[in-house]
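Below is the file entry-v3.json, which contains JSON, C-alpha atoms.
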[["chain", "number", "residue", "atom", "x", "y", "z"],
["A", 30, "MET", "CA", 32.97, 23.48, -122.78],
["A", 31, "ARG", "CA", 35.73, 24.07, -120.23],
["A", 32, "VAL", "CA", 34.90, 27.76, -120.09],
["A", 33, "PHE", "CA", 31.26, 26.89, -119.51],
["A", 34, "LEU", "CA", 32.13, 24.48, -116.66],
["A", 35, "LEU", "CA", 34.57, 26.98, -115.14],
["A", 36, "CYS", "CA", 31.96, 29.76, -115.22],
["A", 37, "GLY", "CA", 29.38, 27.42, -113.72],
["A", 38, "PHE", "CA", 31.76, 26.40, -110.96],
["A", 39, "LEU", "CA", 32.63, 30.03, -110.16],
["A", 40, "TRP", "CA", 28.95, 31.00, -110.12],
["A", 41, "PHE", "CA", 28.14, 28.06, -107.82],
["A", 42, "SER", "CA", 31.06, 28.97, -105.48],
["A", 43, "ALA", "CA", 29.92, 32.59, -105.29],
["A", 44, "ALA", "CA", 26.34, 31.54, -104.55],
["A", 45, "LEU", "CA", 27.52, 29.12, -101.86],
["A", 46, "ALA", "CA", 29.72, 31.78, -100.23],
["A", 47, "ALA", "CA", 26.85, 34.28, -100.26],
["A", 48, "ALA", "CA", 24.57, 31.72, -98.62],
["A", 49, "THR", "CA", 27.05, 30.97, -95.81],
["A", 50, "GLU", "CA", 27.65, 34.64, -94.90],
["A", 51, "PRO", "CA", 24.13, 35.21, -93.58],
["A", 52, "ALA", "CA", 24.35, 31.91, -91.68],
["A", 53, "ALA", "CA", 27.61, 33.04, -90.06],
["A", 54, "ASP", "CA", 26.06, 36.41, -89.20],
["A", 55, "GLN", "CA", 23.03, 34.67, -87.74],
["A", 56, "LEU", "CA", 25.27, 32.38, -85.72],
["A", 57, "GLU", "CA", 27.21, 35.38, -84.35],
["A", 58, "GLN", "CA", 23.96, 37.15, -83.44],
["A", 59, "LEU", "CA", 22.74, 34.00, -81.72],
["A", 60, "LYS", "CA", 26.00, 33.77, -79.74],
["A", 61, "GLN", "CA", 25.62, 37.40, -78.61],
["A", 62, "GLN", "CA", 22.02, 36.75, -77.54],
["A", 63, "VAL", "CA", 23.10, 33.69, -75.54],
["A", 64, "ILE", "CA", 25.84, 35.73, -73.83],
["A", 65, "GLN", "CA", 23.36, 38.49, -72.97],
["A", 66, "LEU", "CA", 20.82, 35.95, -71.67],
["A", 67, "ASN", "CA", 23.52, 34.27, -69.56],
["A", 68, "ARG", "CA", 24.47, 37.65, -68.06],
["A", 69, "GLU", "CA", 20.82, 38.42, -67.23],
["A", 70, "LEU", "CA", 20.33, 34.98, -65.67],
["A", 71, "PHE", "CA", 23.46, 35.45, -63.54],
["A", 72, "LEU", "CA", 22.19, 38.80, -62.25],
["A", 73, "LEU", "CA", 18.76, 37.32, -61.53],
["A", 74, "GLU", "CA", 20.34, 34.39, -59.68],
["A", 75, "GLU", "CA", 22.47, 36.79, -57.61],
["A", 76, "GLU", "CA", 19.39, 38.85, -56.78],
["A", 77, "LEU", "CA", 17.42, 35.76, -55.75],
["A", 78, "LEU", "CA", 20.22, 34.12, -53.75],
["A", 79, "TYR", "CA", 21.49, 37.30, -52.10],
["A", 80, "PRO", "CA", 18.70, 39.88, -51.88],
["A", 81, "PRO", "CA", 19.86, 43.25, -50.51],
["A", 82, "GLN", "CA", 17.59, 42.82, -47.48],
["A", 83, "THR", "CA", 19.73, 39.92, -46.23],
["A", 84, "GLN", "CA", 23.05, 40.28, -48.09],
["A", 85, "ILE", "CA", 26.46, 40.57, -46.47],
["A", 86, "ALA", "CA", 29.69, 40.70, -48.45],
["A", 87, "VAL", "CA", 33.21, 40.72, -47.02],
["A", 88, "PHE", "CA", 36.33, 41.77, -48.92],
["A", 89, "LEU", "CA", 40.03, 41.61, -48.04],
["A", 90, "SER", "CA", 42.75, 44.14, -48.88],
["A", 91, "VAL", "CA", 46.39, 44.62, -47.91],
["A", 92, "ASP", "CA", 48.35, 47.83, -47.50],
["A", 93, "SER", "CA", 51.86, 46.93, -48.69],
["A", 94, "GLY", "CA", 52.45, 43.79, -46.68],
["A", 95, "GLN", "CA", 55.86, 44.78, -45.31],
["A", 96, "PHE", "CA", 55.15, 43.74, -41.72],
["A", 97, "PHE", "CA", 52.83, 40.77, -42.30],
["A", 98, "GLN", "CA", 52.66, 37.92, -44.80],
["A", 99, "LEU", "CA", 49.21, 36.32, -44.83],
["A", 100, "ASP", "CA", 49.02, 32.52, -44.88],
["A", 101, "SER", "CA", 45.32, 32.09, -44.16],
["A", 102, "VAL", "CA", 42.20, 33.82, -42.92],
["A", 103, "GLU", "CA", 39.16, 32.35, -41.19],
["A", 104, "LEU", "CA", 35.89, 34.26, -41.07],
["A", 105, "LEU", "CA", 33.29, 33.72, -38.35],
["A", 106, "LEU", "CA", 29.80, 35.20, -38.37],
["A", 107, "ASN", "CA", 28.12, 35.17, -34.96],
["A", 108, "ASP", "CA", 30.84, 32.75, -33.76],
["A", 109, "LYS", "CA", 30.12, 30.26, -36.57],
["A", 110, "PRO", "CA", 32.76, 29.61, -39.26],
["A", 111, "VAL", "CA", 31.51, 30.74, -42.67],
["A", 112, "GLU", "CA", 34.71, 30.98, -44.73],
["A", 113, "ALA", "CA", 38.36, 29.96, -44.64],
["A", 114, "HIS", "CA", 41.00, 30.65, -47.25],
["A", 115, "LEU", "CA", 44.65, 29.59, -47.68],
["A", 116, "TYR", "CA", 46.76, 31.95, -49.77],
["A", 117, "THR", "CA", 49.23, 31.01, -52.48],
["A", 118, "ALA", "CA", 52.28, 33.14, -53.20],
["A", 119, "ALA", "CA", 50.59, 34.48, -56.35],
["A", 120, "GLN", "CA", 47.45, 35.48, -54.44],
["A", 121, "TRP", "CA", 49.53, 37.21, -51.77],
["A", 122, "GLN", "CA", 51.47, 39.13, -54.44],
["A", 123, "ALA", "CA", 48.22, 40.23, -56.07],
["A", 124, "LEU", "CA", 46.94, 41.53, -52.73],
["A", 125, "GLN", "CA", 50.21, 43.39, -52.15],
["A", 126, "LYS", "CA", 49.81, 45.05, -55.56],
["A", 127, "GLY", "CA", 46.38, 46.41, -54.61],
["A", 128, "ALA", "CA", 43.93, 43.63, -55.43],
["A", 129, "ILE", "CA", 40.79, 43.36, -53.32],
["A", 130, "GLN", "CA", 39.61, 39.80, -52.75],
["A", 131, "PRO", "CA", 35.90, 39.04, -52.41],
["A", 132, "LEU", "CA", 36.18, 36.73, -49.41],
["A", 133, "TYR", "CA", 32.57, 35.94, -48.49],
["A", 134, "LYS", "CA", 29.04, 36.57, -49.70],
["A", 135, "GLY", "CA", 26.05, 35.36, -47.74],
["A", 136, "ASN", "CA", 22.75, 36.14, -46.06],
["A", 137, "VAL", "CA", 21.93, 37.32, -42.54],
["A", 138, "LYS", "CA", 18.71, 38.31, -40.83],
["A", 139, "ALA", "CA", 18.01, 41.85, -39.71],
["A", 140, "GLY", "CA", 19.50, 42.76, -36.35],
["A", 141, "GLU", "CA", 22.84, 42.84, -34.55],
["A", 142, "HIS", "CA", 25.64, 40.56, -35.75],
["A", 143, "THR", "CA", 29.33, 40.10, -35.04],
["A", 144, "ILE", "CA", 31.91, 39.20, -37.64],
["A", 145, "THR", "CA", 35.35, 37.96, -36.60],
["A", 146, "ALA", "CA", 38.34, 37.48, -38.87],
["A", 147, "VAL", "CA", 41.30, 35.39, -37.72],
["A", 148, "PHE", "CA", 44.51, 36.14, -39.62],
["A", 149, "ILE", "CA", 47.40, 33.66, -39.60],
["A", 150, "GLY", "CA", 50.77, 34.45, -41.10],
["A", 151, "LYS", "CA", 54.30, 35.68, -40.54],
["A", 152, "GLY", "CA", 55.01, 38.98, -38.85],
["A", 153, "PRO", "CA", 58.22, 40.98, -38.44],
["A", 154, "ASP", "CA", 61.35, 38.83, -38.10],
["A", 155, "GLN", "CA", 59.34, 35.88, -39.50],
["A", 156, "ARG", "CA", 57.50, 35.39, -36.20],
["A", 157, "ASP", "CA", 54.29, 33.38, -36.35],
["A", 158, "TYR", "CA", 51.26, 35.63, -36.06],
["A", 159, "ARG", "CA", 47.69, 34.77, -35.20],
["A", 160, "ARG", "CA", 45.50, 37.82, -34.73],
["A", 161, "ALA", "CA", 41.75, 38.31, -34.67],
["A", 162, "VAL", "CA", 39.63, 41.37, -35.25],
["A", 163, "SER", "CA", 35.89, 41.60, -34.53],
["A", 164, "HIS", "CA", 33.26, 44.03, -35.68],
["A", 165, "THR", "CA", 29.63, 44.34, -34.58],
["A", 166, "PHE", "CA", 27.18, 45.65, -37.15],
["A", 167, "SER", "CA", 23.47, 46.15, -37.42],
["A", 168, "LYS", "CA", 21.76, 44.60, -40.44],
["A", 169, "ALA", "CA", 18.86, 46.65, -41.79],
["A", 170, "SER", "CA", 17.22, 46.64, -45.22],
["A", 171, "GLU", "CA", 20.37, 47.39, -47.24],
["A", 172, "ALA", "CA", 23.28, 45.10, -48.03],
["A", 173, "VAL", "CA", 26.22, 45.14, -45.60],
["A", 174, "LEU", "CA", 29.63, 45.50, -47.25],
["A", 175, "LEU", "CA", 32.72, 45.10, -45.07],
["A", 176, "GLU", "CA", 36.40, 45.34, -45.92],
["A", 177, "LEU", "CA", 39.04, 43.52, -43.88],
["A", 178, "GLN", "CA", 42.20, 45.62, -44.09],
["A", 179, "ILE", "CA", 45.73, 44.54, -43.25],
["A", 180, "ASN", "CA", 47.71, 47.75, -42.84],
["A", 181, "ASP", "CA", 51.35, 48.38, -42.02],
["A", 182, "CYS", "CA", 51.87, 50.54, -38.94],
["A", 183, "SER", "CA", 55.32, 52.05, -39.46],
["A", 184, "SER", "CA", 55.42, 53.68, -36.01],
["A", 185, "ASP", "CA", 55.82, 50.31, -34.26],
["A", 186, "TYR", "CA", 56.64, 48.07, -37.27],
["A", 187, "GLN", "CA", 53.60, 45.91, -36.66],
["A", 188, "PRO", "CA", 50.63, 44.92, -38.81],
["A", 189, "GLU", "CA", 47.25, 46.44, -38.03],
["A", 190, "PHE", "CA", 43.99, 44.60, -38.71],
["A", 191, "ILE", "CA", 40.86, 46.68, -39.32],
["A", 192, "VAL", "CA", 37.24, 46.03, -40.33],
["A", 193, "GLN", "CA", 36.05, 48.95, -42.46],
["A", 194, "PRO", "CA", 32.35, 49.21, -43.42],
["A", 195, "TRP", "CA", 31.66, 50.39, -46.97],
["A", 196, "SER", "CA", 28.77, 52.75, -47.51],
["A", 197, "ASN", "CA", 26.17, 51.70, -50.08]]

Can you give me the file's structure in the form of structure tokens?
Amino acid sequence: MRVFLLCGFLWFSAALAAATEPAADQLEQLKQQVIQLNRELFLLEEELLYPPQTQIAVFLSVDSGQFFQLDSVELLLNDKPVEAHLYTAAQWQALQKGAIQPLYKGNVKAGEHTITAVFIGKGPDQRDYRRAVSHTFSKASEAVLLELQINDCSSDYQPEFIVQPWSN
């Protein structure tokens, strides 16, 4: 009798395990489908919110940061503030190691526009620095991608602030 019960229990356990495997596989497939759908929805949302005809994106990079330590940056588009960011020590270190920060993403109409970035931080000898750089660009049918660069100028030991357009 015990052998019969033991065999029955083992058979039932094997059948139960076999039934749960397809359910686990189905659950994993469903998770993957949800992830894929979420990715597609994100791309669709980006396309709807920031169509290439009106999109502008601004990024920030740092050379090595020897002559300037960034505390904050304020971004103005056509003399209107659109973005401001305060930097932590960890964010500054990441920028010094080569990270590129997406600073702003928005929409502008076709035509001439001016973007101004105001950099606040510490320069050589820990002097307070407040410098601005402006760039005029023409918005057409393609997205405008701009990089704000903070470069070290070793000839005069001063930071240099540049707006560099990226080509699409």

Given only C-alpha atoms as the counted atoms, nearest of A:Glu176, A:Glu76, A:Glu69, A:Glu189 to Ser90 in chain A
A:Glu176

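Distances to Ser101 in chain A were evaluated for A:Leu89, A:Leu174, A:Ile129, A:Val63 using only C-alpha atoms, and the minimum falls at A:Leu89.
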
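Closest to Val147 in chain A among A:Ala172, A:Ala53, A:Glu103, A:Gln61 is A:Glu103, based on only C-alpha atoms.
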
Please list as a PyMOL selection string every residue within 9 Å of Ile179 in chain A, counting all atoms listed in the file and excluding residues in the same chain fewer than 2 positions away.
chain A and resi 89-94+97+177+181+188-191

Would you list the contacts of Val111 in chain A as a PyMOL selection string, taking every protein, DNA or RNA residue within 12 Å and counting all atoms listed in the file, but skipping same-chain residues closer than 4 positions in sequence?
chain A and resi 85-87+102-107+132-137+144-147

Please put the answer as lines of an AutoDock Vina configuration file: centre and edge lengths, in Å with one decimal, of a box along x, y and z that encloses all listed atoms of range 60-65 of chain A plus 5 Å on each side.
center_x = 24.0
center_y = 36.1
center_z = -76.4
size_x = 14.0
size_y = 14.8
size_z = 16.8

Which of these, A:Ala139, A:Leu70, A:Ala113, A:Leu124, has the shortest distance to Ala169 in chain A once you count all atoms listed in the file?
A:Ala139

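Across the model, the gap from CA of Thr143 in chain A to CA of Ser183 in chain A is 28.9 Å.
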
Using only C-alpha atoms, determine which residues lie at most 8 Å from Asp100 in chain A, disregarding the query and same-chain residues fewer than 6 positions distant; provide the list as number ranges by chain.
A: 115-117, 148-151

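In this comparison, which uses all atoms listed in the file, the residue of A:His164, A:Arg159, A:His142, A:Arg68 approaching Leu99 in chain A most closely is A:Arg159.
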
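The coordinates place CA of Gly140 in chain A at 8.2 Å from CA of Phe166 in chain A.
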
What does the structure give for the distance between CA of Pro80 in chain A and CA of Lys138 in chain A, in Å to one decimal?
11.2 Å

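Take the candidates A:Gln130, A:Phe96, A:Leu73, A:Leu56 and check each one against Asp185 in chain A using all atoms listed in the file; the shortest distance goes to A:Phe96.
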
Just add N, CA and C atoms to range 88-102 of chain A and send it as a CSV table (one decimal), in the coordinates of the input.
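Writing the result to selection-v3.csv gives the following:
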chain,number,residue,atom,x,y,z
A,88,PHE,N,35.2,41.7,-48.0
A,88,PHE,CA,36.3,41.8,-48.9
A,88,PHE,C,37.6,41.9,-48.1
A,89,LEU,N,38.7,41.5,-48.7
A,89,LEU,CA,40.0,41.6,-48.0
A,89,LEU,C,41.0,42.4,-48.9
A,90,SER,N,41.7,43.3,-48.2
A,90,SER,CA,42.8,44.1,-48.9
A,90,SER,C,44.0,44.2,-48.0
A,91,VAL,N,45.1,44.5,-48.6
A,91,VAL,CA,46.4,44.6,-47.9
A,91,VAL,C,47.0,45.9,-48.3
A,92,ASP,N,47.6,46.6,-47.3
A,92,ASP,CA,48.4,47.8,-47.5
A,92,ASP,C,49.6,47.5,-48.4
A,93,SER,N,50.7,47.3,-47.9
A,93,SER,CA,51.9,46.9,-48.7
A,93,SER,C,52.4,45.6,-48.3
A,94,GLY,N,52.0,45.1,-47.1
A,94,GLY,CA,52.4,43.8,-46.7
A,94,GLY,C,53.9,43.7,-46.2
A,95,GLN,N,54.5,44.8,-45.8
A,95,GLN,CA,55.9,44.8,-45.3
A,95,GLN,C,56.0,44.1,-44.0
A,96,PHE,N,55.0,44.2,-43.1
A,96,PHE,CA,55.2,43.7,-41.7
A,96,PHE,C,54.3,42.5,-41.5
A,97,PHE,N,53.7,42.0,-42.5
A,97,PHE,CA,52.8,40.8,-42.3
A,97,PHE,C,52.7,40.1,-43.6
A,98,GLN,N,52.9,38.7,-43.6
A,98,GLN,CA,52.7,37.9,-44.8
A,98,GLN,C,51.5,36.9,-44.5
A,99,LEU,N,50.4,37.1,-45.1
A,99,LEU,CA,49.2,36.3,-44.8
A,99,LEU,C,49.3,34.9,-45.4
A,100,ASP,N,49.1,33.9,-44.5
A,100,ASP,CA,49.0,32.5,-44.9
A,100,ASP,C,47.6,32.1,-45.0
A,101,SER,N,46.7,32.5,-44.1
A,101,SER,CA,45.3,32.1,-44.2
A,101,SER,C,44.5,33.1,-43.4
A,102,VAL,N,43.2,33.0,-43.7
A,102,VAL,CA,42.2,33.8,-42.9
A,102,VAL,C,41.0,32.9,-42.7
